[in-house]
$ cat run_24.cif   # mmCIF, C-alpha atoms and all ligand atoms; chains and numbers go by the auth columns
data_start
loop_
_atom_site.group_PDB
_atom_site.id
_atom_site.type_symbol
_atom_site.label_atom_id
_atom_site.label_comp_id
_atom_site.label_asym_id
_atom_site.label_seq_id
_atom_site.Cartn_x
_atom_site.Cartn_y
_atom_site.Cartn_z
_atom_site.B_iso_or_equiv
_atom_site.auth_seq_id
_atom_site.auth_asym_id
ATOM 1 C CA MET A 1 4.817 -19.559 -17.326 0.00 26 O
ATOM 2 C CA PRO A 2 4.381 -21.363 -14.003 0.00 27 O
ATOM 3 C CA PRO A 3 1.993 -19.913 -11.433 0.00 28 O
ATOM 4 C CA ARG A 4 3.472 -17.392 -9.013 0.00 29 O
ATOM 5 C CA THR A 5 0.794 -17.195 -6.349 0.00 30 O
ATOM 6 C CA LEU A 6 -0.387 -19.990 -4.079 0.00 31 O
ATOM 7 C CA VAL A 7 -3.827 -19.443 -2.555 0.00 32 O
ATOM 8 C CA LEU A 8 -4.454 -21.824 0.353 0.00 33 O
ATOM 9 C CA PHE A 9 -7.987 -22.441 1.606 0.00 34 O
ATOM 10 C CA ASP A 10 -9.047 -23.639 5.013 0.00 35 O
ATOM 11 C CA ILE A 11 -12.012 -26.041 4.750 0.00 36 O
ATOM 12 C CA ASP A 12 -14.453 -25.705 7.679 0.00 37 O
ATOM 13 C CA ALA A 13 -16.369 -22.408 7.738 0.00 38 O
ATOM 14 C CA THR A 14 -14.210 -21.080 4.887 0.00 39 O
ATOM 15 C CA LEU A 15 -15.000 -23.321 1.907 0.00 40 O
ATOM 16 C CA LEU A 16 -18.036 -24.954 3.438 0.00 41 O
ATOM 17 C CA ASP A 17 -20.377 -25.225 6.388 0.00 42 O
ATOM 18 C CA THR A 18 -20.868 -28.671 7.935 0.00 43 O
ATOM 19 C CA GLN A 19 -22.989 -27.441 10.876 0.00 44 O
ATOM 20 C CA ASP A 20 -20.552 -29.168 13.245 0.00 45 O
ATOM 21 C CA ALA A 21 -20.869 -32.537 11.499 0.00 46 O
ATOM 22 C CA GLY A 22 -17.206 -33.132 12.325 0.00 47 O
ATOM 23 C CA VAL A 23 -17.889 -32.915 16.069 0.00 48 O
ATOM 24 C CA VAL A 24 -20.859 -35.291 15.763 0.00 49 O
ATOM 25 C CA ALA A 25 -18.660 -37.709 13.819 0.00 50 O
ATOM 26 C CA TYR A 26 -15.843 -37.401 16.421 0.00 51 O
ATOM 27 C CA GLU A 27 -18.356 -38.388 19.114 0.00 52 O
ATOM 28 C CA MET A 28 -19.633 -41.360 17.103 0.00 53 O
ATOM 29 C CA ALA A 29 -16.097 -42.544 16.317 0.00 54 O
ATOM 30 C CA GLY A 30 -15.055 -42.293 19.989 0.00 55 O
ATOM 31 C CA ALA A 31 -18.019 -44.486 20.962 0.00 56 O
ATOM 32 C CA LYS A 32 -17.198 -47.006 18.244 0.00 57 O
ATOM 33 C CA VAL A 33 -13.464 -47.343 18.919 0.00 58 O
ATOM 34 C CA PHE A 34 -13.210 -46.706 22.670 0.00 59 O
ATOM 35 C CA GLY A 35 -16.745 -47.278 23.946 0.00 60 O
ATOM 36 C CA VAL A 36 -16.798 -43.651 25.149 0.00 61 O
ATOM 37 C CA ALA A 37 -18.742 -40.969 23.280 0.00 62 O
ATOM 38 C CA PHE A 38 -16.150 -38.218 22.961 0.00 63 O
ATOM 39 C CA SER A 39 -17.549 -34.947 24.211 0.00 64 O
ATOM 40 C CA PHE A 40 -16.233 -31.621 22.960 0.00 65 O
ATOM 41 C CA THR A 41 -18.536 -29.422 25.039 0.00 66 O
ATOM 42 C CA ASN A 42 -16.636 -26.250 25.982 0.00 67 O
ATOM 43 C CA VAL A 43 -13.556 -27.367 24.039 0.00 68 O
ATOM 44 C CA PRO A 44 -12.453 -24.659 21.567 0.00 69 O
ATOM 45 C CA LEU A 45 -11.771 -26.673 18.417 0.00 70 O
ATOM 46 C CA HIS A 46 -11.666 -23.827 15.911 0.00 71 O
ATOM 47 C CA GLY A 47 -8.533 -23.862 13.823 0.00 72 O
ATOM 48 C CA ARG A 48 -7.041 -26.956 15.466 0.00 73 O
ATOM 49 C CA LEU A 49 -5.899 -30.119 13.716 0.00 74 O
ATOM 50 C CA ASP A 50 -7.972 -33.307 13.709 0.00 75 O
ATOM 51 C CA SER A 51 -4.940 -35.053 15.172 0.00 76 O
ATOM 52 C CA GLU A 52 -4.796 -32.543 18.078 0.00 77 O
ATOM 53 C CA ASN A 53 -8.531 -32.904 18.749 0.00 78 O
ATOM 54 C CA TYR A 54 -8.315 -36.689 18.732 0.00 79 O
ATOM 55 C CA ALA A 55 -5.283 -36.906 21.048 0.00 80 O
ATOM 56 C CA ASP A 56 -6.855 -34.333 23.355 0.00 81 O
ATOM 57 C CA ALA A 57 -10.141 -36.276 23.543 0.00 82 O
ATOM 58 C CA VAL A 58 -8.321 -39.482 24.435 0.00 83 O
ATOM 59 C CA ARG A 59 -6.522 -37.619 27.229 0.00 84 O
ATOM 60 C CA ARG A 60 -9.586 -35.769 28.533 0.00 85 O
ATOM 61 C CA HIS A 61 -11.642 -38.942 28.716 0.00 86 O
ATOM 62 C CA GLY A 62 -8.971 -40.503 30.899 0.00 87 O
ATOM 63 C CA LEU A 63 -8.477 -43.502 28.675 0.00 88 O
ATOM 64 C CA GLY A 64 -4.855 -43.916 29.727 0.00 89 O
ATOM 65 C CA ILE A 65 -3.844 -45.432 26.413 0.00 90 O
ATOM 66 C CA ASP A 66 -1.347 -44.538 23.721 0.00 91 O
ATOM 67 C CA HIS A 67 -3.583 -42.638 21.302 0.00 92 O
ATOM 68 C CA ALA A 68 -1.046 -43.074 18.497 0.00 93 O
ATOM 69 C CA GLN A 69 -1.662 -46.826 18.533 0.00 94 O
ATOM 70 C CA HIS A 70 -5.349 -46.354 17.806 0.00 95 O
ATOM 71 C CA VAL A 71 -5.293 -43.422 15.406 0.00 96 O
ATOM 72 C CA ASP A 72 -5.881 -45.489 12.269 0.00 97 O
ATOM 73 C CA ALA A 73 -8.922 -47.190 13.782 0.00 98 O
ATOM 74 C CA PHE A 74 -10.229 -43.817 14.920 0.00 99 O
ATOM 75 C CA LYS A 75 -9.675 -42.188 11.507 0.00 100 O
ATOM 76 C CA SER A 76 -11.501 -45.006 9.810 0.00 101 O
ATOM 77 C CA ALA A 77 -14.455 -44.867 12.241 0.00 102 O
ATOM 78 C CA TYR A 78 -14.510 -41.076 11.917 0.00 103 O
ATOM 79 C CA ALA A 79 -14.672 -41.307 8.114 0.00 104 O
ATOM 80 C CA THR A 80 -17.571 -43.759 8.275 0.00 105 O
ATOM 81 C CA ALA A 81 -19.403 -41.584 10.812 0.00 106 O
ATOM 82 C CA LEU A 82 -18.852 -38.413 8.777 0.00 107 O
ATOM 83 C CA GLU A 83 -20.247 -40.076 5.651 0.00 108 O
ATOM 84 C CA LYS A 84 -23.318 -41.131 7.630 0.00 109 O
ATOM 85 C CA VAL A 85 -23.875 -37.613 9.005 0.00 110 O
ATOM 86 C CA ALA A 86 -23.432 -36.086 5.531 0.00 111 O
ATOM 87 C CA GLU A 87 -25.891 -38.545 4.049 0.00 112 O
ATOM 88 C CA ASP A 88 -28.463 -37.887 6.780 0.00 113 O
ATOM 89 C CA ARG A 89 -28.172 -34.154 6.149 0.00 114 O
ATOM 90 C CA GLY A 90 -28.226 -34.307 2.362 0.00 115 O
ATOM 91 C CA GLY A 91 -24.627 -33.081 2.101 0.00 116 O
ATOM 92 C CA PHE A 92 -22.877 -29.930 3.262 0.00 117 O
ATOM 93 C CA GLU A 93 -23.181 -26.344 2.040 0.00 118 O
ATOM 94 C CA ALA A 94 -20.532 -24.342 0.212 0.00 119 O
ATOM 95 C CA CYS A 95 -20.003 -20.948 1.874 0.00 120 O
ATOM 96 C CA PRO A 96 -21.261 -17.803 0.108 0.00 121 O
ATOM 97 C CA GLY A 97 -19.192 -16.838 -2.921 0.00 122 O
ATOM 98 C CA ILE A 98 -16.980 -19.929 -2.879 0.00 123 O
ATOM 99 C CA VAL A 99 -18.118 -21.466 -6.169 0.00 124 O
ATOM 100 C CA PRO A 100 -17.519 -18.322 -8.282 0.00 125 O
ATOM 101 C CA LEU A 101 -14.287 -17.506 -6.395 0.00 126 O
ATOM 102 C CA LEU A 102 -12.805 -20.957 -7.068 0.00 127 O
ATOM 103 C CA GLU A 103 -13.882 -20.778 -10.723 0.00 128 O
ATOM 104 C CA PHE A 104 -12.229 -17.374 -10.998 0.00 129 O
ATOM 105 C CA LEU A 105 -8.956 -18.461 -9.368 0.00 130 O
ATOM 106 C CA VAL A 106 -8.691 -21.704 -11.336 0.00 131 O
ATOM 107 C CA GLY A 107 -9.018 -19.626 -14.510 0.00 132 O
ATOM 108 C CA LEU A 108 -5.990 -17.467 -13.642 0.00 133 O
ATOM 109 C CA PRO A 109 -2.764 -18.878 -15.117 0.00 134 O
ATOM 110 C CA ASP A 110 -0.553 -17.345 -12.428 0.00 135 O
ATOM 111 C CA VAL A 111 -2.538 -18.809 -9.518 0.00 136 O
ATOM 112 C CA GLN A 112 -2.347 -22.262 -7.958 0.00 137 O
ATOM 113 C CA VAL A 113 -5.031 -23.149 -5.441 0.00 138 O
ATOM 114 C CA GLY A 114 -4.459 -25.493 -2.533 0.00 139 O
ATOM 115 C CA LEU A 115 -5.755 -26.507 0.877 0.00 140 O
ATOM 116 C CA LEU A 116 -4.314 -25.677 4.269 0.00 141 O
ATOM 117 C CA THR A 117 -6.526 -27.339 6.790 0.00 142 O
ATOM 118 C CA GLY A 118 -6.776 -29.012 10.168 0.00 143 O
ATOM 119 C CA ASN A 119 -8.639 -31.888 8.533 0.00 144 O
ATOM 120 C CA TRP A 120 -7.054 -35.238 7.871 0.00 145 O
ATOM 121 C CA GLU A 121 -6.754 -35.595 4.101 0.00 146 O
ATOM 122 C CA HIS A 122 -9.244 -38.390 3.480 0.00 147 O
ATOM 123 C CA THR A 123 -12.097 -36.812 5.446 0.00 148 O
ATOM 124 C CA GLY A 124 -11.170 -33.262 4.423 0.00 149 O
ATOM 125 C CA ARG A 125 -11.514 -34.181 0.764 0.00 150 O
ATOM 126 C CA PHE A 126 -14.770 -35.977 1.551 0.00 151 O
ATOM 127 C CA LYS A 127 -16.219 -32.813 3.135 0.00 152 O
ATOM 128 C CA ILE A 128 -15.343 -30.832 -0.006 0.00 153 O
ATOM 129 C CA ARG A 129 -17.058 -33.304 -2.314 0.00 154 O
ATOM 130 C CA ALA A 130 -20.053 -33.538 0.040 0.00 155 O
ATOM 131 C CA ALA A 131 -20.473 -29.763 -0.416 0.00 156 O
ATOM 132 C CA GLY A 132 -20.651 -30.226 -4.195 0.00 157 O
ATOM 133 C CA LEU A 133 -17.137 -28.850 -4.792 0.00 158 O
ATOM 134 C CA ASP A 134 -14.348 -30.450 -6.842 0.00 159 O
ATOM 135 C CA ASP A 135 -11.465 -31.468 -4.564 0.00 160 O
ATOM 136 C CA SER A 136 -9.205 -32.230 -7.546 0.00 161 O
ATOM 137 C CA ILE A 137 -8.557 -28.528 -8.277 0.00 162 O
ATOM 138 C CA PHE A 138 -6.478 -28.190 -5.078 0.00 163 O
ATOM 139 C CA GLY A 139 -2.918 -29.032 -6.067 0.00 164 O
ATOM 140 C CA CYS A 140 -0.534 -28.008 -3.287 0.00 165 O
ATOM 141 C CA ASN A 141 -1.980 -29.025 0.032 0.00 166 O
ATOM 142 C CA ALA A 142 -1.195 -29.349 3.724 0.00 167 O
ATOM 143 C CA PHE A 143 -3.427 -31.457 5.949 0.00 168 O
ATOM 144 C CA ALA A 144 -3.440 -32.564 9.589 0.00 169 O
ATOM 145 C CA ASP A 145 -1.509 -35.616 8.403 0.00 170 O
ATOM 146 C CA HIS A 146 1.478 -33.365 7.662 0.00 171 O
ATOM 147 C CA GLY A 147 2.273 -31.728 11.002 0.00 172 O
ATOM 148 C CA GLU A 148 1.715 -31.576 14.731 0.00 173 O
ATOM 149 C CA HIS A 149 0.413 -28.010 14.716 0.00 174 O
ATOM 150 C CA ARG A 150 -1.178 -25.704 12.168 0.00 175 O
ATOM 151 C CA ASP A 151 1.880 -23.436 12.218 0.00 176 O
ATOM 152 C CA GLU A 152 3.874 -26.217 10.531 0.00 177 O
ATOM 153 C CA LEU A 153 1.621 -26.363 7.487 0.00 178 O
ATOM 154 C CA VAL A 154 2.535 -23.359 5.281 0.00 179 O
ATOM 155 C CA PRO A 155 6.062 -24.745 4.678 0.00 180 O
ATOM 156 C CA VAL A 156 4.523 -28.086 3.662 0.00 181 O
ATOM 157 C CA ALA A 157 2.342 -26.408 1.022 0.00 182 O
ATOM 158 C CA ARG A 158 5.258 -24.224 -0.128 0.00 183 O
ATOM 159 C CA HIS A 159 7.393 -27.339 -0.565 0.00 184 O
ATOM 160 C CA HIS A 160 4.687 -29.034 -2.670 0.00 185 O
ATOM 161 C CA PHE A 161 4.443 -25.917 -4.834 0.00 186 O
ATOM 162 C CA GLN A 162 8.199 -25.844 -5.371 0.00 187 O
ATOM 163 C CA SER A 163 8.263 -29.547 -6.304 0.00 188 O
ATOM 164 C CA MET A 164 5.379 -29.114 -8.711 0.00 189 O
ATOM 165 C CA HIS A 165 6.402 -25.866 -10.394 0.00 190 O
ATOM 166 C CA GLY A 166 10.189 -25.780 -9.983 0.00 191 O
ATOM 167 C CA ALA A 167 10.277 -22.501 -8.084 0.00 192 O
ATOM 168 C CA ALA A 168 8.950 -21.084 -4.845 0.00 193 O
ATOM 169 C CA PRO A 169 5.741 -19.036 -5.091 0.00 194 O
ATOM 170 C CA ARG A 170 6.120 -15.260 -5.109 0.00 195 O
ATOM 171 C CA ARG A 171 3.081 -14.956 -2.839 0.00 196 O
ATOM 172 C CA ILE A 172 1.295 -17.374 -0.534 0.00 197 O
ATOM 173 C CA ILE A 173 -2.139 -16.275 0.660 0.00 198 O
ATOM 174 C CA VAL A 174 -3.846 -18.240 3.438 0.00 199 O
ATOM 175 C CA ILE A 175 -7.643 -17.848 3.595 0.00 200 O
ATOM 176 C CA GLY A 176 -9.366 -18.963 6.799 0.00 201 O
ATOM 177 C CA ASP A 177 -12.009 -18.123 9.374 0.00 202 O
ATOM 178 C CA THR A 178 -10.086 -18.314 12.672 0.00 203 O
ATOM 179 C CA PRO A 179 -7.194 -16.545 14.429 0.00 204 O
ATOM 180 C CA ARG A 180 -5.196 -19.775 14.033 0.00 205 O
ATOM 181 C CA ASP A 181 -5.446 -19.508 10.242 0.00 206 O
ATOM 182 C CA VAL A 182 -3.938 -16.011 10.442 0.00 207 O
ATOM 183 C CA GLN A 183 -1.336 -17.150 12.968 0.00 208 O
ATOM 184 C CA CYS A 184 -0.157 -20.014 10.763 0.00 209 O
ATOM 185 C CA ALA A 185 0.127 -17.619 7.810 0.00 210 O
ATOM 186 C CA THR A 186 2.286 -15.292 9.891 0.00 211 O
ATOM 187 C CA ALA A 187 4.408 -18.207 11.141 0.00 212 O
ATOM 188 C CA GLY A 188 4.915 -19.347 7.540 0.00 213 O
ATOM 189 C CA ASN A 189 5.734 -15.901 6.069 0.00 214 O
ATOM 190 C CA ALA A 190 2.488 -15.898 4.131 0.00 215 O
ATOM 191 C CA GLU A 191 -0.236 -13.285 3.698 0.00 216 O
ATOM 192 C CA SER A 192 -3.638 -13.843 5.214 0.00 217 O
ATOM 193 C CA ILE A 193 -7.275 -13.199 4.448 0.00 218 O
ATOM 194 C CA ALA A 194 -9.591 -13.717 7.423 0.00 219 O
ATOM 195 C CA VAL A 195 -13.236 -14.346 6.585 0.00 220 O
ATOM 196 C CA ALA A 196 -16.094 -13.975 9.073 0.00 221 O
ATOM 197 C CA THR A 197 -18.134 -16.982 7.896 0.00 222 O
ATOM 198 C CA GLY A 198 -17.275 -18.946 11.059 0.00 223 O
ATOM 199 C CA VAL A 199 -17.717 -18.124 14.737 0.00 224 O
ATOM 200 C CA PHE A 200 -15.368 -15.099 14.690 0.00 225 O
ATOM 201 C CA ASP A 201 -16.793 -11.765 13.537 0.00 226 O
ATOM 202 C CA THR A 202 -14.849 -9.132 11.638 0.00 227 O
ATOM 203 C CA ASP A 203 -13.984 -7.217 14.846 0.00 228 O
ATOM 204 C CA ALA A 204 -12.404 -10.330 16.373 0.00 229 O
ATOM 205 C CA LEU A 205 -10.574 -11.107 13.141 0.00 230 O
ATOM 206 C CA GLU A 206 -9.242 -7.538 12.829 0.00 231 O
ATOM 207 C CA GLU A 207 -7.386 -8.136 16.107 0.00 232 O
ATOM 208 C CA THR A 208 -5.412 -10.984 14.540 0.00 233 O
ATOM 209 C CA GLY A 209 -3.496 -8.598 12.270 0.00 234 O
ATOM 210 C CA ALA A 210 -4.757 -10.349 9.113 0.00 235 O
ATOM 211 C CA ASP A 211 -3.766 -8.550 5.901 0.00 236 O
ATOM 212 C CA LEU A 212 -7.407 -8.431 4.821 0.00 237 O
ATOM 213 C CA VAL A 213 -10.602 -9.093 6.794 0.00 238 O
ATOM 214 C CA VAL A 214 -13.846 -9.711 4.913 0.00 239 O
ATOM 215 C CA GLU A 215 -17.439 -10.631 5.829 0.00 240 O
ATOM 216 C CA ASP A 216 -17.534 -13.395 3.215 0.00 241 O
ATOM 217 C CA LEU A 217 -15.710 -14.482 0.068 0.00 242 O
ATOM 218 C CA LEU A 218 -18.004 -12.881 -2.472 0.00 243 O
ATOM 219 C CA LEU A 219 -15.809 -11.605 -5.293 0.00 244 O
ATOM 220 C CA THR A 220 -15.923 -7.942 -4.359 0.00 245 O
ATOM 221 C CA ALA A 221 -13.617 -5.217 -5.678 0.00 246 O
ATOM 222 C CA THR A 222 -11.766 -5.297 -2.333 0.00 247 O
ATOM 223 C CA LEU A 223 -11.053 -9.023 -2.553 0.00 248 O
ATOM 224 C CA LEU A 224 -10.119 -8.804 -6.238 0.00 249 O
ATOM 225 C CA GLU A 225 -7.746 -5.923 -5.601 0.00 250 O
ATOM 226 C CA PHE A 226 -5.992 -7.882 -2.840 0.00 251 O
ATOM 227 C CA LEU A 227 -5.671 -11.037 -4.922 0.00 252 O
ATOM 228 C CA ARG A 228 -4.245 -9.088 -7.906 0.00 253 O
ATOM 229 C CA ARG A 229 -1.612 -7.185 -5.956 0.00 254 O
HETATM 230 MG MG MG B . -12.062 -23.159 9.567 0.00 301 D
#
$ encode --input "run_24.cif" --output "structure tokens"
Amino acid sequence: MPPRTLVLFDIDATLLDTQDAGVVAYEMAGAKVFGVAFSFTNVPLHGRLDSENYADAVRRHGLGIDHAQHVDAFKSAYATALEKVAEDRGGFEACPGIVPLLEFLVGLPDVQVGLLTGNWEHTGRFKIRAAGLDDSIFGCNAFADHGEHRDELVPVARHHFQSMHGAAPRRIIVIGDTPRDVQCATAGNAESIAVATGVFDTDALEETGADLVVEDLLLTATLLEFLRR
């Protein structure tokens, strides 16, 4: 029997904590490619796509160039910078409860796990491995490479699921730490679990209308009950 439920994980502050390594790497890559250290001070990045952050930085620094022409160079410099930051820090940390939760979900025959993230694929997968997690378990994914805005990403993952399993999933559950994760779930007719392991606390996440709000992803009775519905 093919799986019926697609569980989509955000990466930053949901699967793992990079302590803002991505922002440090953005700054380094901006300096390398454009000779300007990109600054993201007072820029709310949470839940946005890498591609949005990059295009926005090019605009805000008044470079007056076509960012699309330089995106490959920037992605490459960003990947190199991120690897350096990860190495300097001895890797990234998986969030509380993630390892047992992923083991549990992978063991369920009716569940397919995937990624729905603002990261570009190459560097998103790198972050996962740098946190000691196995990126190969995520089968139906949507990355920043696949859309202009996060709200476009649930249909991408649904399409991958349908291609892989021959039928649409009965449920799609998006798990993320920001209002944008919940918003993209709503836009894509998916359910949402909001987790307060990022900068938003449970009160702020309750306001998003998420189907379930939790402090962390420890496999509690509440989380289990929701996943088994
Ligand atoms: Mg996140």
$ atom_distance --input "run_24.cif" --atom1 "atom CA of Thr105 of chain O" --atom2 "atom CA of His86 of chain O"
21.8 Å
$ resolve_selection --input "run_24.cif" --expression "the PyMOL selection byres (((chain O and resi 183) around 9) and not hetatm)" --output "ChimeraX atom specification"
/O:31,165-166,178-182,184-188,193-194,197
$ residues_near_ligand --input "run_24.cif" --ligand "ligand MG 301 (chain D)" --cutoff "6 Å" --atoms "only C-alpha atoms and all ligand atoms" --output "list in words"
Asp35, Ile36, Asp37, Ala38, Thr39, Gly72, Gly201 and Asp202 of chain O
$ write_last_selection --input "run_24.cif" --atoms "C-alpha atoms" --output "PDB file, keeping the file's coordinate frame"
ATOM      1  CA  ASP O  35      -9.047 -23.639   5.013  1.00  0.00           C
ATOM      2  CA  ILE O  36     -12.012 -26.041   4.750  1.00  0.00           C
ATOM      3  CA  ASP O  37     -14.453 -25.705   7.679  1.00  0.00           C
ATOM      4  CA  ALA O  38     -16.369 -22.408   7.738  1.00  0.00           C
ATOM      5  CA  THR O  39     -14.210 -21.080   4.887  1.00  0.00           C
ATOM      6  CA  GLY O  72      -8.533 -23.862  13.823  1.00  0.00           C
ATOM      7  CA  GLY O 201      -9.366 -18.963   6.799  1.00  0.00           C
ATOM      8  CA  ASP O 202     -12.009 -18.123   9.374  1.00  0.00           C
TER       9      ASP O 202
END
$ resolve_selection --input "run_24.cif" --expression "the PyMOL selection byres (((chain O and resi 75) around 8) and not hetatm)" --output "list in words"
Arg73, Leu74, Ser76, Glu77, Asn78, Tyr79, Gly143, Asn144, Trp145 and Ala169 of chain O
$ atom_distance --input "run_24.cif" --atom1 "atom CA of Thr227 of chain O" --atom2 "atom CA of Glu177 of chain O"
25.4 Å
$ atom_distance --input "run_24.cif" --atom1 "atom CA of Arg195 of chain O" --atom2 "atom CA of Gly164 of chain O"
16.5 Å
$ closest_residue --input "run_24.cif" --among "O:Arg85, O:His95, O:Arg254, O:His71" --to "Phe59 of chain O" --atoms "all atoms listed in the file"
O:His95
$ closest_residue --input "run_24.cif" --among "O:Ala119, O:Lys152, O:Leu252, O:Glu231" --to "Thr30 of chain O" --atoms "all atoms listed in the file"
O:Leu252
$ closest_residue --input "run_24.cif" --among "O:Gly55, O:Gly122, O:Gly87, O:Pro28" --to "Thr222 of chain O" --atoms "all atoms listed in the file"
O:Gly122
$ closest_residue --input "run_24.cif" --among "O:Ala192, O:Val110, O:Leu140, O:Val48" --to "Ala167 of chain O" --atoms "all atoms listed in the file"
O:Leu140
$ resolve_selection --input "run_24.cif" --expression "the PyMOL selection byres (((chain O and resi 32) around 7) and not hetatm)" --output "PDB file with C-alpha atoms, in the coordinates of the input"
ATOM      1  CA  THR O  30       0.794 -17.195  -6.349  1.00  0.00           C
ATOM      2  CA  LEU O  31      -0.387 -19.990  -4.079  1.00  0.00           C
ATOM      3  CA  LEU O  33      -4.454 -21.824   0.353  1.00  0.00           C
ATOM      4  CA  PHE O  34      -7.987 -22.441   1.606  1.00  0.00           C
ATOM      5  CA  GLN O 137      -2.347 -22.262  -7.958  1.00  0.00           C
ATOM      6  CA  VAL O 138      -5.031 -23.149  -5.441  1.00  0.00           C
ATOM      7  CA  GLY O 139      -4.459 -25.493  -2.533  1.00  0.00           C
ATOM      8  CA  ILE O 197       1.295 -17.374  -0.534  1.00  0.00           C
ATOM      9  CA  ILE O 198      -2.139 -16.275   0.660  1.00  0.00           C
ATOM     10  CA  VAL O 199      -3.846 -18.240   3.438  1.00  0.00           C
TER      11      VAL O 199
END
$ residues_around --input "run_24.cif" --residues "Gly60 of chain O" --least-positions-apart "4" --cutoff "12 Å" --atoms "all atoms listed in the file" --output "PDB file with C-alpha atoms, in the coordinates of the input"
ATOM      1  CA  GLU O  52     -18.356 -38.388  19.114  1.00  0.00           C
ATOM      2  CA  MET O  53     -19.633 -41.360  17.103  1.00  0.00           C
ATOM      3  CA  ALA O  54     -16.097 -42.544  16.317  1.00  0.00           C
ATOM      4  CA  GLY O  55     -15.055 -42.293  19.989  1.00  0.00           C
ATOM      5  CA  ALA O  56     -18.019 -44.486  20.962  1.00  0.00           C
ATOM      6  CA  VAL O  83      -8.321 -39.482  24.435  1.00  0.00           C
ATOM      7  CA  HIS O  86     -11.642 -38.942  28.716  1.00  0.00           C
ATOM      8  CA  LEU O  88      -8.477 -43.502  28.675  1.00  0.00           C
ATOM      9  CA  PHE O  99     -10.229 -43.817  14.920  1.00  0.00           C
TER      10      PHE O  99
END
$ decode --input "run_24.cif" --residues "segment 83-109 of chain O" --atoms "C-alpha atoms" --output "JSON list (two decimals), in the first residue's frame"
[["chain", "number", "residue", "atom", "x", "y", "z"],
["O", 83, "VAL", "CA", 21.22, 42.98, -4.02],
["O", 84, "ARG", "CA", 18.48, 45.62, -4.17],
["O", 85, "ARG", "CA", 19.05, 47.01, -0.67],
["O", 86, "HIS", "CA", 22.77, 47.39, -1.24],
["O", 87, "GLY", "CA", 22.05, 49.49, -4.31],
["O", 88, "LEU", "CA", 24.09, 47.35, -6.63],
["O", 89, "GLY", "CA", 21.95, 48.23, -9.63],
["O", 90, "ILE", "CA", 22.60, 44.92, -11.34],
["O", 91, "ASP", "CA", 20.43, 42.09, -12.58],
["O", 92, "HIS", "CA", 20.63, 39.72, -9.61],
["O", 93, "ALA", "CA", 19.43, 36.81, -11.75],
["O", 94, "GLN", "CA", 22.64, 37.00, -13.78],
["O", 95, "HIS", "CA", 24.77, 36.44, -10.70],
["O", 96, "VAL", "CA", 22.68, 33.94, -8.76],
["O", 97, "ASP", "CA", 24.79, 30.91, -9.64],
["O", 98, "ALA", "CA", 27.99, 32.62, -8.52],
["O", 99, "PHE", "CA", 26.27, 33.71, -5.32],
["O", 100, "LYS", "CA", 24.87, 30.22, -4.60],
["O", 101, "SER", "CA", 28.29, 28.71, -5.08],
["O", 102, "ALA", "CA", 30.00, 31.28, -2.82],
["O", 103, "TYR", "CA", 27.22, 30.83, -0.25],
["O", 104, "ALA", "CA", 27.71, 27.05, -0.23],
["O", 105, "THR", "CA", 31.46, 27.43, 0.31],
["O", 106, "ALA", "CA", 30.90, 29.99, 3.09],
["O", 107, "LEU", "CA", 28.28, 27.82, 4.81],
["O", 108, "GLU", "CA", 30.62, 24.83, 4.80],
["O", 109, "LYS", "CA", 33.33, 26.99, 6.36]]
